[in-house]
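Visitor: Pasting in a structure now, in structure tokens, and then I'll have a few things to ask.
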Amino acid sequence: MGATERRGQWMIWLSLALAMFLTIVPMPAGLEDYRPQWVTLTLIFWCLTLPERVGVFWGFGTGLTLDVLSASLLGQQALGLSLVAYVAVKLHARVRLFPLWQQSFFVWVLLLAERLLTLWILGATGQPMPALNYWAPTLIGLLLWPWLSAVLIQVERRMGES
């Protein structure tokens, strides 16, 4: 592995670690339900941009780490992020051709799928069903995608320069 590839790996790790930090940092009680799905959005970006380097195993590892950090059911996030990573890698060639606003809707569908899978796990484990605002982070992710994508594209370009 060359120096550029190592630096690229570190940038991917760093961006996912920052996304995990944004996911677990405390927020005011009223805003907690509207926290964007930072980790999922970041993982989708890397799966679409570098599908040969970031894929299902990254989703699984990131999900397990997030499960431990958030004290959720072990494997819950891992399953959802693995599914999202698989679909993003499988469809990356098509999605990269879309304009950014159409990519946002693809990302929204992936965010919905991840939330739906988590909802299914909540039901299967006998936990109470969340309120309707459970779906709000997916809409926020839809709106954030163009800006997050623009920031991460700059990170990816810096990876390629060195």
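Identifiers in this document derive from the order of the structure tokens: chains are assigned A, B, ..., residues are numbered from 1 separately in each chain, and ligands are numbered from 1 in order of occurrence.
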From a backbone DSSP assignment, name each residue in chain A labelled alpha helix (DSSP H), as an MDAnalysis selection string.

Guide: chainID A and resid 3:24 38:49 56:70 76:90 92:95 100:124 136:161

Visitor: Which region 100-143 of chain A residues have any atom within 10 Å of an atom of region 42-61 of chain A, and for each, what is the nearest pair of atoms with distance in Å to one decimal, counting only C-alpha atoms, rows sorted by chain and number, as a Markdown table?

Guide:
| residue | atom | partner | partner_atom | distance |
| --- | --- | --- | --- | --- |
| A:Val107 | CA | A:Ile44 | CA | 7.4 |
| A:Leu110 | CA | A:Ile44 | CA | 8.4 |
| A:Leu111 | CA | A:Ile44 | CA | 9.3 |

Visitor: Store the residues picked out above, limited to all heavy atoms, as a PDB file, in the first residue's frame.

Guide:
ATOM      1  N   VAL A 107     -30.105   8.950  -2.165  1.00  0.00           N
ATOM      2  CA  VAL A 107     -29.600   8.909  -0.788  1.00  0.00           C
ATOM      3  C   VAL A 107     -30.767   8.867   0.187  1.00  0.00           C
ATOM      4  O   VAL A 107     -30.726   8.139   1.184  1.00  0.00           O
ATOM      5  CB  VAL A 107     -28.667  10.117  -0.521  1.00  0.00           C
ATOM      6  CG1 VAL A 107     -28.371  10.281   0.956  1.00  0.00           C
ATOM      7  CG2 VAL A 107     -27.386   9.969  -1.326  1.00  0.00           C
ATOM      8  N   LEU A 110     -32.043   5.405   0.478  1.00  0.00           N
ATOM      9  CA  LEU A 110     -31.145   4.592   1.301  1.00  0.00           C
ATOM     10  C   LEU A 110     -31.312   4.914   2.787  1.00  0.00           C
ATOM     11  O   LEU A 110     -31.299   4.014   3.631  1.00  0.00           O
ATOM     12  CB  LEU A 110     -29.696   4.799   0.877  1.00  0.00           C
ATOM     13  CG  LEU A 110     -29.271   4.169  -0.433  1.00  0.00           C
ATOM     14  CD1 LEU A 110     -27.805   4.471  -0.724  1.00  0.00           C
ATOM     15  CD2 LEU A 110     -29.509   2.682  -0.436  1.00  0.00           C
ATOM     16  N   LEU A 111     -31.468   6.193   3.108  1.00  0.00           N
ATOM     17  CA  LEU A 111     -31.685   6.578   4.504  1.00  0.00           C
ATOM     18  C   LEU A 111     -33.006   6.004   5.022  1.00  0.00           C
ATOM     19  O   LEU A 111     -33.084   5.537   6.164  1.00  0.00           O
ATOM     20  CB  LEU A 111     -31.679   8.104   4.649  1.00  0.00           C
ATOM     21  CG  LEU A 111     -30.359   8.819   4.375  1.00  0.00           C
ATOM     22  CD1 LEU A 111     -30.549  10.332   4.404  1.00  0.00           C
ATOM     23  CD2 LEU A 111     -29.282   8.385   5.340  1.00  0.00           C
TER      24      LEU A 111
END

Visitor: Could you tell me how far CA of Ser72 (chain A) sits from CA of Pro146 (chain A), in Å to one decimal place?

Guide: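 We find that CA of Pro146 (chain A) and CA of Ser72 (chain A) lie 29.1 Å from each other.
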
Visitor: Just the residues within 8 Å of region 16-32 of chain A, please, counting only C-alpha atoms, with nothing from its chain fewer than 6 positions along; format it as a short mmCIF file (atom, residue, chain, number, x, y, z; two decimals) with N, CA, C and O atoms, in the first residue's frame.

Guide:
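Printed below is around-v3.cif as written:
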data_model
loop_
_atom_site.label_atom_id
_atom_site.label_comp_id
_atom_site.auth_asym_id
_atom_site.auth_seq_id
_atom_site.Cartn_x
_atom_site.Cartn_y
_atom_site.Cartn_z
N TRP A 38 -25.54 11.14 10.25
CA TRP A 38 -24.22 11.52 9.77
C TRP A 38 -23.40 10.34 9.27
O TRP A 38 -22.77 10.42 8.21
N VAL A 39 -23.39 9.28 10.03
CA VAL A 39 -22.56 8.12 9.67
C VAL A 39 -23.06 7.50 8.37
O VAL A 39 -22.27 7.17 7.47
N THR A 42 -22.16 9.76 5.40
CA THR A 42 -20.73 9.71 5.09
C THR A 42 -20.37 8.38 4.43
O THR A 42 -19.61 8.35 3.45
N LEU A 43 -20.91 7.30 4.95
CA LEU A 43 -20.65 5.99 4.36
C LEU A 43 -21.17 5.92 2.93
O LEU A 43 -20.49 5.39 2.03
N THR A 62 -18.09 -0.10 10.70
CA THR A 62 -18.55 1.20 11.19
C THR A 62 -19.82 1.03 12.02
O THR A 62 -19.98 1.67 13.06
N LEU A 66 -20.38 1.95 15.91
CA LEU A 66 -21.48 2.84 16.30
C LEU A 66 -22.41 2.17 17.31
O LEU A 66 -22.91 2.83 18.23
N LEU A 69 -20.57 2.53 20.60
CA LEU A 69 -20.55 3.92 21.06
C LEU A 69 -21.91 4.42 21.53
O LEU A 69 -22.01 5.20 22.47
N SER A 70 -22.97 3.97 20.86
CA SER A 70 -24.32 4.45 21.20
C SER A 70 -25.06 3.51 22.14
O SER A 70 -26.21 3.77 22.48
#

Visitor: State, in Å with one decimal place, the distance from CA of Ser104 (chain A) to CA of Leu144 (chain A).

Guide: 8.5 Å

Visitor: Please report as a Markdown table every residue of region 8-75 of chain A lying within 10 Å of region 124-135 of chain A, along with the nearest atom pair and their distance in Å (one decimal), using only C-alpha atoms.

Guide:
| residue | atom | partner | partner_atom | distance |
| --- | --- | --- | --- | --- |
| A:Asp33 | CA | A:Tyr134 | CA | 6.6 |
| A:Tyr34 | CA | A:Asn133 | CA | 7.5 |
| A:Arg35 | CA | A:Tyr134 | CA | 10.0 |
| A:Leu73 | CA | A:Thr125 | CA | 9.2 |

Visitor: Export C-alpha atoms of the chosen residues as a PDB file, in the first residue's frame?

Guide:
ATOM      1  CA  ASP A  33     -34.960  13.425  17.333  1.00  0.00           C
ATOM      2  CA  TYR A  34     -33.891  15.562  14.370  1.00  0.00           C
ATOM      3  CA  ARG A  35     -30.202  14.619  14.345  1.00  0.00           C
ATOM      4  CA  LEU A  73     -28.332  -3.567  20.318  1.00  0.00           C
TER       5      LEU A  73
END
